[in-house]
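Trainee: Just one file: model17.txt, with compact mmCIF, C-alpha atoms.
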# COMPACT_ATOMS: atom_id res chain seq x y z
CA MET A 118 -3.40 4.12 -3.19
CA LYS A 119 -5.73 6.97 -2.29
CA LYS A 120 -7.14 7.17 1.22
CA ASP A 121 -10.04 9.19 2.57
CA VAL A 122 -9.50 11.51 5.52
CA ALA A 123 -11.75 12.74 8.32
CA LEU A 124 -10.69 15.84 10.26
CA LEU A 125 -12.57 16.12 13.55
CA ASP A 126 -12.82 19.11 15.85
CA VAL A 127 -12.45 18.29 19.56
CA ASP A 128 -14.23 20.81 21.82
CA GLY A 129 -18.01 20.59 21.50
CA THR A 130 -17.74 17.97 18.76
CA ILE A 131 -15.98 14.99 20.31
CA LEU A 132 -16.09 16.37 23.84
CA SER A 133 -19.43 17.37 25.34
CA LYS A 134 -17.87 20.53 26.83
CA ARG A 135 -15.14 22.94 25.78
CA SER A 136 -12.00 21.78 27.52
CA ILE A 137 -10.76 25.34 28.09
CA ASP A 138 -14.01 26.20 29.89
CA VAL A 139 -13.73 23.15 32.13
CA LEU A 140 -10.05 23.82 32.87
CA CYS A 141 -10.66 27.47 33.70
CA GLU A 142 -13.60 26.60 35.92
CA ARG A 143 -11.53 24.07 37.88
CA PHE A 144 -8.62 26.49 38.27
CA GLY A 145 -10.82 29.49 39.10
CA PHE A 146 -10.10 31.48 35.94
CA THR A 147 -13.61 31.77 34.49
CA THR A 148 -13.89 35.50 35.20
CA GLU A 149 -10.46 36.19 33.71
CA VAL A 150 -11.29 34.26 30.54
CA LYS A 151 -14.54 36.16 30.07
CA ARG A 152 -12.58 39.41 30.42
CA ILE A 153 -10.03 38.24 27.84
CA ASP A 154 -12.74 37.15 25.41
CA LEU A 155 -14.43 40.55 25.74
CA GLU A 156 -11.31 42.71 25.70
CA PHE A 157 -9.75 40.94 22.71
CA ARG A 158 -12.92 40.04 20.81
CA ASN A 159 -11.71 41.95 17.73
CA SER A 160 -8.15 40.58 17.91
CA PRO A 161 -6.85 37.53 16.01
CA GLY A 162 -7.77 34.25 17.65
CA TYR A 163 -4.13 33.43 18.40
CA VAL A 164 -3.92 36.49 20.66
CA VAL A 165 -6.75 35.15 22.82
CA THR A 166 -5.10 31.71 22.88
CA GLN A 167 -1.84 33.19 24.17
CA LYS A 168 -3.57 35.35 26.79
CA ILE A 169 -5.49 32.36 28.17
CA ALA A 170 -2.40 30.12 28.16
CA ALA A 171 -0.59 32.72 30.28
CA LEU A 172 -3.17 32.18 33.03
CA PHE A 173 -1.93 28.60 33.42
CA SER A 174 1.68 29.48 34.21
CA GLY A 175 2.90 27.17 36.98
CA LYS A 176 0.06 24.67 36.66
CA ARG A 177 1.05 21.01 36.48
CA ARG A 178 0.65 18.77 33.47
CA ASN A 179 -0.85 15.93 35.52
CA ASP A 180 -3.64 18.16 36.83
CA PHE A 181 -4.53 19.22 33.29
CA GLU A 182 -4.64 15.60 32.13
CA LYS A 183 -6.92 14.50 34.97
CA ILE A 184 -9.37 17.32 34.30
CA PHE A 185 -9.33 16.75 30.55
CA ASP A 186 -9.90 13.00 30.91
CA SER A 187 -12.98 13.69 33.05
CA ILE A 188 -14.85 15.52 30.27
CA PRO A 189 -17.54 13.22 28.82
CA LEU A 190 -17.51 12.30 25.15
CA ASN A 191 -20.56 13.09 23.08
CA GLU A 192 -23.01 10.23 22.71
CA GLY A 193 -22.63 8.07 19.63
CA LEU A 194 -19.00 8.97 19.02
CA TYR A 195 -17.60 5.43 19.28
CA PRO A 196 -19.91 3.92 16.62
CA PHE A 197 -19.10 6.85 14.33
CA VAL A 198 -15.36 6.40 14.77
CA SER A 199 -15.76 2.67 14.16
CA PHE A 200 -17.67 3.44 10.95
CA LEU A 201 -14.82 5.63 9.70
CA LYS A 202 -12.19 3.04 10.62
CA ASP A 203 -14.11 0.24 8.91
CA ARG A 204 -14.09 2.26 5.70
CA GLY A 205 -10.38 2.93 5.84
CA PHE A 206 -10.43 6.62 6.73
CA VAL A 207 -7.36 8.29 8.14
CA ILE A 208 -8.82 10.04 11.20
CA ALA A 209 -7.23 13.20 12.54
CA LEU A 210 -8.10 15.48 15.45
CA ALA A 211 -7.70 19.24 15.08
CA THR A 212 -8.18 21.60 17.99
CA ASP A 213 -7.48 25.18 18.95
CA GLY A 214 -6.86 23.67 22.38
CA TYR A 215 -3.70 21.93 23.51
CA LYS A 216 -1.84 19.21 21.65
CA PHE A 217 -0.66 17.27 24.71
CA LEU A 218 -4.31 16.81 25.65
CA ALA A 219 -5.44 16.05 22.08
CA ASP A 220 -2.76 13.35 21.96
CA ARG A 221 -4.40 11.66 24.95
CA LEU A 222 -7.73 11.65 23.15
CA LYS A 223 -6.08 10.29 20.00
CA GLU A 224 -4.68 7.36 21.97
CA ARG A 225 -7.95 6.79 23.82
CA LEU A 226 -9.89 6.55 20.56
CA GLN A 227 -7.00 4.91 18.65
CA LEU A 228 -6.98 7.55 15.93
CA ASP A 229 -4.19 8.41 13.51
CA LEU A 230 -3.18 12.04 14.05
CA ALA A 231 -3.73 14.96 16.42
CA TYR A 232 -3.04 18.65 15.92
CA GLY A 233 -3.22 21.38 18.53
CA ASN A 234 -1.34 24.20 20.21
CA VAL A 235 2.04 23.22 21.61
CA LEU A 236 2.61 24.62 25.10
CA GLN A 237 5.96 25.18 26.74
CA PHE A 238 6.79 23.21 29.89
CA ASN A 239 9.42 23.67 32.56
CA GLY A 240 9.65 20.12 33.81
CA ASP A 241 6.04 19.17 34.55
CA SER A 242 4.83 22.76 34.93
CA LEU A 243 3.43 25.04 32.24
CA THR A 244 5.29 28.27 31.58
CA GLY A 245 2.26 30.05 30.11
CA ASN A 246 3.85 30.29 26.65
CA VAL A 247 2.47 28.90 23.39
CA LEU A 248 5.17 27.57 21.06
CA THR A 249 2.92 27.20 18.01
CA MET A 250 3.67 29.69 15.23
CA PRO A 251 0.70 31.35 13.50
CA GLY A 252 0.06 29.58 10.20
CA CYS A 253 -3.28 30.95 9.11
CA LEU A 254 -4.11 30.93 5.38
CA ARG A 255 -6.24 34.04 6.00
CA ILE A 256 -9.28 33.26 3.95
CA PRO A 257 -12.09 35.88 4.07
CA HIS A 258 -13.75 36.18 7.50
CA CYS A 259 -11.15 33.97 9.17
CA LYS A 260 -10.41 34.75 12.82
CA GLU A 261 -6.74 33.74 12.52
CA TYR A 262 -6.26 30.98 15.05
CA PHE A 263 -2.83 29.47 15.75
CA ILE A 264 -4.11 26.16 14.38
CA CYS A 265 -5.27 26.65 10.80
CA LYS A 266 -7.53 23.70 10.16
CA LEU A 267 -7.72 24.51 6.46
CA ARG A 268 -3.93 24.28 6.18
CA LEU A 269 -4.00 20.92 7.94
CA LEU A 270 -6.80 19.69 5.70
CA LYS A 271 -5.00 20.74 2.52
CA SER A 272 -1.86 18.95 3.68
CA LEU A 273 -3.79 15.74 4.36
CA GLN A 274 -5.69 16.00 1.10
CA GLY A 275 -2.42 16.40 -0.80
CA ALA A 276 -0.78 13.47 0.95
CA LEU A 277 -3.70 11.04 0.81
CA GLY A 278 -5.59 12.05 -2.33
CA GLY A 279 -9.00 10.71 -1.34
CA MET A 280 -12.28 12.23 -0.19
CA SER A 281 -12.17 14.58 2.79
CA VAL A 282 -14.74 14.94 5.56
CA ALA A 283 -14.65 17.73 8.15
CA ILE A 284 -16.73 17.70 11.32
CA GLY A 285 -17.04 20.66 13.67
CA ASP A 286 -19.33 23.01 15.52
CA SER A 287 -17.85 26.51 15.83
CA ASP A 288 -16.01 29.37 14.12
CA SER A 289 -12.60 27.72 14.42
CA ASP A 290 -13.95 25.06 12.02
CA TYR A 291 -15.13 27.53 9.38
CA CYS A 292 -11.96 27.42 7.31
CA MET A 293 -11.83 23.62 7.05
CA PHE A 294 -15.52 23.62 6.09
CA ARG A 295 -14.58 25.86 3.15
CA GLY A 296 -11.97 23.40 1.89
CA THR A 297 -13.45 19.96 2.51
CA ASP A 298 -15.48 17.72 0.23
CA ILE A 299 -18.10 17.08 2.91
CA ALA A 300 -18.72 19.47 5.82
CA ILE A 301 -20.71 18.11 8.76
CA ALA A 302 -21.87 20.57 11.43
CA TYR A 303 -22.45 18.87 14.78
CA ARG A 304 -24.89 20.97 16.83
CA PRO A 305 -23.44 24.16 15.28
CA LYS A 306 -22.85 27.19 17.50
CA THR A 307 -22.84 29.89 14.80
CA GLU A 308 -24.87 30.75 11.72
CA ARG A 309 -21.92 30.76 9.35
CA ILE A 310 -21.04 27.21 10.36
CA ARG A 311 -24.64 26.23 9.70
CA ASP A 312 -24.57 27.98 6.33
CA GLN A 313 -21.29 26.37 5.25
CA ALA A 314 -22.29 22.81 6.23
CA ASP A 315 -23.49 20.15 3.80
CA ILE A 316 -25.49 18.62 6.63
CA ILE A 317 -26.38 19.65 10.19
CA ILE A 318 -26.63 16.83 12.69
CA GLU A 319 -27.73 16.42 16.29
CA GLU A 320 -26.45 12.85 16.63
CA PHE A 321 -23.48 11.04 15.10
CA LYS A 322 -25.73 8.31 13.74
CA GLU A 323 -27.08 10.91 11.32
CA ALA A 324 -23.55 11.44 10.01
CA ILE A 325 -23.19 7.70 9.42
CA VAL A 326 -26.40 7.60 7.38
CA TYR A 327 -25.36 10.64 5.36
CA LEU A 328 -21.86 9.38 4.60
CA LYS A 329 -23.20 6.00 3.54
CA SER A 330 -25.32 7.82 0.95
CA LYS A 331 -22.21 9.54 -0.41
CA MET A 332 -19.92 6.52 -0.65
Show me the file's structure as structure tokens.
Mentor:
Amino acid sequence: MKKDVALLDVDGTILSKRSIDVLCERFGFTTEVKRIDLEFRNSPGYVVTQKIAALFSGKRRNDFEKIFDSIPLNEGLYPFVSFLKDRGFVIALATDGYKFLADRLKERLQLDLAYGNVLQFNGDSLTGNVLTMPGCLRIPHCKEYFICKLRLLKSLQGALGGMSVAIGDSDSDYCMFRGTDIAIAYRPKTERIRDQADIIIEEFKEAIVYLKSKM
């Protein structure tokens, strides 16, 4: 039996703020992150991810979890998730952030799957190393993040066989927008995300109305 799938970005889509920005602000790394973003702006995205992760060497898992859990969810998310569940969607999270945090959000929202960068721990402390291997499909204009959302989407499409919906707001979502049946841009941050979207929304209730018209 075919099942539909929804692949949701986390930072700026589900969460009202980028988790990496909040984490760096709390730990006092905002200046360093801005320097990394500027210095490596023409490098593959996975290089920036590794450089930022290195800043967190020695930080404790529990501190990360407390900070992450404090980030507010965007308004209207719960009714939207309920809508997808009621219609039998498999709901997956995909983030260029950290999997151990995405897993917490998956459990909080009672979703099906979560994908993100796997960090190395020494006991309860981060080592600063990213264990995820680059898996980018390298479509035109891709920024080559560790987490290739298009690869994830294709895998889910192949396994489930139904309609696919992708929801995101920034460049890391561009590739999955290229491969999905329906691309929903939630308060998009870049022009190419706006251009690739089937619909641009400011509130999740707009996504519900749109999807109802397509089902």
Trainee: Pick out the residues sitting within 9 Å of range 253-265 of chain A, and hand them over as number ranges by chain; count all atoms listed in the file, and ignore anything fewer than 3 positions along from it in its own chain.
Mentor: A: 159-166, 211-214, 232-234, 249-250, 268-270, 288-293
Trainee: Taking (-3.4, 29.4, 27.3) in the file's coordinates as the center, which residues reach within 9 Å of it, counting only C-alpha atoms, put as a PyMOL selection string?
Mentor: chain A and resi 137+165-174+214-215+236+245-247
Trainee: Those selected residues, please, written with C-alpha atoms and delivered as an mmCIF file, in the frame of the given file.
Mentor:
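Listed below is the output, out.cif:
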data_model
loop_
_atom_site.group_PDB
_atom_site.id
_atom_site.type_symbol
_atom_site.label_atom_id
_atom_site.label_comp_id
_atom_site.auth_asym_id
_atom_site.auth_seq_id
_atom_site.Cartn_x
_atom_site.Cartn_y
_atom_site.Cartn_z
ATOM 1 C CA ILE A 137 -10.760 25.340 28.090
ATOM 2 C CA VAL A 165 -6.750 35.150 22.820
ATOM 3 C CA THR A 166 -5.100 31.710 22.880
ATOM 4 C CA GLN A 167 -1.840 33.190 24.170
ATOM 5 C CA LYS A 168 -3.570 35.350 26.790
ATOM 6 C CA ILE A 169 -5.490 32.360 28.170
ATOM 7 C CA ALA A 170 -2.400 30.120 28.160
ATOM 8 C CA ALA A 171 -0.590 32.720 30.280
ATOM 9 C CA LEU A 172 -3.170 32.180 33.030
ATOM 10 C CA PHE A 173 -1.930 28.600 33.420
ATOM 11 C CA SER A 174 1.680 29.480 34.210
ATOM 12 C CA GLY A 214 -6.860 23.670 22.380
ATOM 13 C CA TYR A 215 -3.700 21.930 23.510
ATOM 14 C CA LEU A 236 2.610 24.620 25.100
ATOM 15 C CA GLY A 245 2.260 30.050 30.110
ATOM 16 C CA ASN A 246 3.850 30.290 26.650
ATOM 17 C CA VAL A 247 2.470 28.900 23.390
#
Trainee: Which residues are close to Asp180 in chain A, i.e. within 12 Å by all atoms listed in the file, leaving aside same-chain residues fewer than 6 positions away? Reply as a list in words.
Mentor: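 The neighbour list is Leu140, Arg143, Phe144, Phe173, Asp186, Ser187, Leu218, Asp241, Ser242 and Leu243 of chain A.
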Trainee: Could you check which of A:Leu194, A:Leu132, A:Ile208, A:Val139 is closest to Leu277 in chain A, using all atoms listed in the file?
Mentor: A:Ile208
Trainee: Set out as CSV a contact list for range 148-266 of chain A and range 311-320 of chain A with a cut-off of 10 Å, giving each residue of range 148-266 of chain A that qualifies its closest atom pair and distance in Å to one decimal, counting only C-alpha atoms, ordered by chain and rising residue number.
Mentor:
residue,atom,partner,partner_atom,distance
A:Asn191,CA,A:Glu320,CA,8.7
A:Glu192,CA,A:Glu320,CA,7.5
A:Gly193,CA,A:Glu320,CA,6.8
A:Leu194,CA,A:Glu320,CA,8.7
A:Phe197,CA,A:Glu320,CA,9.8
Trainee: Looking at A:Met332, A:Gly129, A:Ser287, A:Ser136, which one is nearest to Arg204 in chain A, with distances taken over only C-alpha atoms?
Mentor: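 That would be A:Met332, the residue with the smallest distance to Arg204 in chain A.
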Trainee: Select, from A:Val235, A:Leu190, A:Ile131, A:Ala123, the residue with the minimum atom-to-atom distance to Ala283 in chain A, counting all atoms listed in the file.
Mentor: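 Among the listed residues, the smallest separation from Ala283 in chain A belongs to A:Ala123.
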Trainee: So which one's closest to Gly240 in chain A, A:Leu273, A:Lys176, A:Lys202, A:Pro189? Using all atoms listed in the file, please.
Mentor: A:Lys176
Trainee: Go through A:Thr244, A:Thr147, A:Asn179, A:Ser281 and flag the residue nearest Asp298 in chain A, using only C-alpha atoms for the distances.
Mentor: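 Checking each candidate against Asp298 in chain A, we get A:Ser281 as the closest.
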Trainee: One decimal, in Å: what's the spacing between CA of Phe181 in chain A and CA of Cys141 in chain A?
Mentor: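 CA of Cys141 in chain A lies at a distance of 10.3 Å from CA of Phe181 in chain A.
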Trainee: Could you tell me how far CA of Asp121 in chain A lies from CA of Lys134 in chain A, in Å and to one decimal?
Mentor: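 Separating CA of Asp121 in chain A from CA of Lys134 in chain A is a distance of 27.9 Å.
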Trainee: Using only C-alpha atoms, which of A:Val198, A:Leu328, A:Asp286, A:Val150 sits nearest Glu308 in chain A?
Mentor: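 The shortest atom-to-atom distance to Glu308 in chain A comes from A:Asp286.
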Trainee: Might you pull out every residue within 9 Å of Leu210 in chain A, with all atoms listed in the file counted and same-chain residues fewer than 2 positions away left off, and present them as a ChimeraX atom specification?
Mentor: /A:123-127,208,212,219-220,222-223,228-233
Trainee: How far is it from CA of Val122 in chain A to CA of Met280 in chain A, in Å with one decimal?
Mentor: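 About the pair CA of Val122 in chain A and CA of Met280 in chain A: they are 6.4 Å apart.
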Trainee: Can you complete the atoms of range 272-303 of chain A to N, CA and C atoms and list them as a PDB file, keeping the file's coordinate frame?
Mentor:
ATOM      1  N   SER A 272      -3.029  19.820   3.595  1.00  0.00           N
ATOM      2  CA  SER A 272      -1.860  18.950   3.680  1.00  0.00           C
ATOM      3  C   SER A 272      -2.260  17.482   3.624  1.00  0.00           C
ATOM      4  N   LEU A 273      -3.318  17.128   4.357  1.00  0.00           N
ATOM      5  CA  LEU A 273      -3.790  15.740   4.360  1.00  0.00           C
ATOM      6  C   LEU A 273      -4.386  15.351   3.011  1.00  0.00           C
ATOM      7  N   GLN A 274      -5.121  16.275   2.411  1.00  0.00           N
ATOM      8  CA  GLN A 274      -5.690  16.000   1.100  1.00  0.00           C
ATOM      9  C   GLN A 274      -4.579  15.738   0.073  1.00  0.00           C
ATOM     10  N   GLY A 275      -3.519  16.562   0.132  1.00  0.00           N
ATOM     11  CA  GLY A 275      -2.420  16.400  -0.800  1.00  0.00           C
ATOM     12  C   GLY A 275      -1.667  15.099  -0.600  1.00  0.00           C
ATOM     13  N   ALA A 276      -1.537  14.681   0.651  1.00  0.00           N
ATOM     14  CA  ALA A 276      -0.780  13.470   0.950  1.00  0.00           C
ATOM     15  C   ALA A 276      -1.575  12.196   0.673  1.00  0.00           C
ATOM     16  N   LEU A 277      -2.889  12.257   0.870  1.00  0.00           N
ATOM     17  CA  LEU A 277      -3.700  11.040   0.810  1.00  0.00           C
ATOM     18  C   LEU A 277      -4.514  10.918  -0.479  1.00  0.00           C
ATOM     19  N   GLY A 278      -4.965  12.055  -1.014  1.00  0.00           N
ATOM     20  CA  GLY A 278      -5.590  12.050  -2.330  1.00  0.00           C
ATOM     21  C   GLY A 278      -7.025  11.604  -2.427  1.00  0.00           C
ATOM     22  N   GLY A 279      -7.628  11.184  -1.301  1.00  0.00           N
ATOM     23  CA  GLY A 279      -9.000  10.710  -1.340  1.00  0.00           C
ATOM     24  C   GLY A 279     -10.014  11.773  -0.962  1.00  0.00           C
ATOM     25  N   MET A 280     -11.215  11.331  -0.628  1.00  0.00           N
ATOM     26  CA  MET A 280     -12.280  12.230  -0.190  1.00  0.00           C
ATOM     27  C   MET A 280     -11.956  12.762   1.206  1.00  0.00           C
ATOM     28  N   SER A 281     -12.378  13.998   1.473  1.00  0.00           N
ATOM     29  CA  SER A 281     -12.170  14.580   2.790  1.00  0.00           C
ATOM     30  C   SER A 281     -13.512  14.907   3.445  1.00  0.00           C
ATOM     31  N   VAL A 282     -13.559  14.644   4.758  1.00  0.00           N
ATOM     32  CA  VAL A 282     -14.740  14.940   5.560  1.00  0.00           C
ATOM     33  C   VAL A 282     -14.282  15.779   6.748  1.00  0.00           C
ATOM     34  N   ALA A 283     -14.958  16.882   7.007  1.00  0.00           N
ATOM     35  CA  ALA A 283     -14.650  17.730   8.150  1.00  0.00           C
ATOM     36  C   ALA A 283     -15.866  17.808   9.055  1.00  0.00           C
ATOM     37  N   ILE A 284     -15.636  17.700  10.360  1.00  0.00           N
ATOM     38  CA  ILE A 284     -16.730  17.700  11.320  1.00  0.00           C
ATOM     39  C   ILE A 284     -16.404  18.694  12.434  1.00  0.00           C
ATOM     40  N   GLY A 285     -17.287  19.660  12.646  1.00  0.00           N
ATOM     41  CA  GLY A 285     -17.040  20.660  13.670  1.00  0.00           C
ATOM     42  C   GLY A 285     -18.308  21.379  14.071  1.00  0.00           C
ATOM     43  N   ASP A 286     -18.148  22.364  14.966  1.00  0.00           N
ATOM     44  CA  ASP A 286     -19.330  23.010  15.520  1.00  0.00           C
ATOM     45  C   ASP A 286     -19.216  24.523  15.679  1.00  0.00           C
ATOM     46  N   SER A 287     -18.008  25.100  15.485  1.00  0.00           N
ATOM     47  CA  SER A 287     -17.850  26.510  15.830  1.00  0.00           C
ATOM     48  C   SER A 287     -16.956  27.236  14.832  1.00  0.00           C
ATOM     49  N   ASP A 288     -16.704  28.526  15.083  1.00  0.00           N
ATOM     50  CA  ASP A 288     -16.010  29.370  14.120  1.00  0.00           C
ATOM     51  C   ASP A 288     -14.601  28.886  13.789  1.00  0.00           C
ATOM     52  N   SER A 289     -13.943  28.205  14.714  1.00  0.00           N
ATOM     53  CA  SER A 289     -12.600  27.720  14.420  1.00  0.00           C
ATOM     54  C   SER A 289     -12.616  26.613  13.359  1.00  0.00           C
ATOM     55  N   ASP A 290     -13.808  26.110  13.040  1.00  0.00           N
ATOM     56  CA  ASP A 290     -13.950  25.060  12.020  1.00  0.00           C
ATOM     57  C   ASP A 290     -14.366  25.615  10.661  1.00  0.00           C
ATOM     58  N   TYR A 291     -14.612  26.920  10.607  1.00  0.00           N
ATOM     59  CA  TYR A 291     -15.130  27.530   9.380  1.00  0.00           C
ATOM     60  C   TYR A 291     -14.195  27.314   8.198  1.00  0.00           C
ATOM     61  N   CYS A 292     -12.890  27.506   8.431  1.00  0.00           N
ATOM     62  CA  CYS A 292     -11.960  27.420   7.310  1.00  0.00           C
ATOM     63  C   CYS A 292     -11.896  26.003   6.732  1.00  0.00           C
ATOM     64  N   MET A 293     -11.908  24.990   7.595  1.00  0.00           N
ATOM     65  CA  MET A 293     -11.830  23.620   7.050  1.00  0.00           C
ATOM     66  C   MET A 293     -13.140  23.250   6.346  1.00  0.00           C
ATOM     67  N   PHE A 294     -14.251  23.843   6.782  1.00  0.00           N
ATOM     68  CA  PHE A 294     -15.520  23.620   6.090  1.00  0.00           C
ATOM     69  C   PHE A 294     -15.451  24.164   4.658  1.00  0.00           C
ATOM     70  N   ARG A 295     -14.702  25.252   4.481  1.00  0.00           N
ATOM     71  CA  ARG A 295     -14.580  25.860   3.150  1.00  0.00           C
ATOM     72  C   ARG A 295     -13.759  24.988   2.204  1.00  0.00           C
ATOM     73  N   GLY A 296     -12.874  24.141   2.756  1.00  0.00           N
ATOM     74  CA  GLY A 296     -11.970  23.400   1.890  1.00  0.00           C
ATOM     75  C   GLY A 296     -12.249  21.916   1.761  1.00  0.00           C
ATOM     76  N   THR A 297     -13.208  21.398   2.512  1.00  0.00           N
ATOM     77  CA  THR A 297     -13.450  19.960   2.510  1.00  0.00           C
ATOM     78  C   THR A 297     -14.457  19.531   1.461  1.00  0.00           C
ATOM     79  N   ASP A 298     -14.474  18.248   1.156  1.00  0.00           N
ATOM     80  CA  ASP A 298     -15.480  17.720   0.230  1.00  0.00           C
ATOM     81  C   ASP A 298     -16.844  17.628   0.898  1.00  0.00           C
ATOM     82  N   ILE A 299     -16.853  17.204   2.161  1.00  0.00           N
ATOM     83  CA  ILE A 299     -18.100  17.080   2.910  1.00  0.00           C
ATOM     84  C   ILE A 299     -17.917  17.772   4.268  1.00  0.00           C
ATOM     85  N   ALA A 300     -18.769  18.745   4.556  1.00  0.00           N
ATOM     86  CA  ALA A 300     -18.720  19.470   5.820  1.00  0.00           C
ATOM     87  C   ALA A 300     -19.922  19.092   6.674  1.00  0.00           C
ATOM     88  N   ILE A 301     -19.656  18.544   7.856  1.00  0.00           N
ATOM     89  CA  ILE A 301     -20.710  18.110   8.760  1.00  0.00           C
ATOM     90  C   ILE A 301     -20.683  18.983  10.015  1.00  0.00           C
ATOM     91  N   ALA A 302     -21.771  19.699  10.254  1.00  0.00           N
ATOM     92  CA  ALA A 302     -21.870  20.570  11.430  1.00  0.00           C
ATOM     93  C   ALA A 302     -22.587  19.813  12.550  1.00  0.00           C
ATOM     94  N   TYR A 303     -21.879  19.579  13.635  1.00  0.00           N
ATOM     95  CA  TYR A 303     -22.450  18.870  14.780  1.00  0.00           C
ATOM     96  C   TYR A 303     -22.954  19.900  15.792  1.00  0.00           C
TER      97      TYR A 303
END
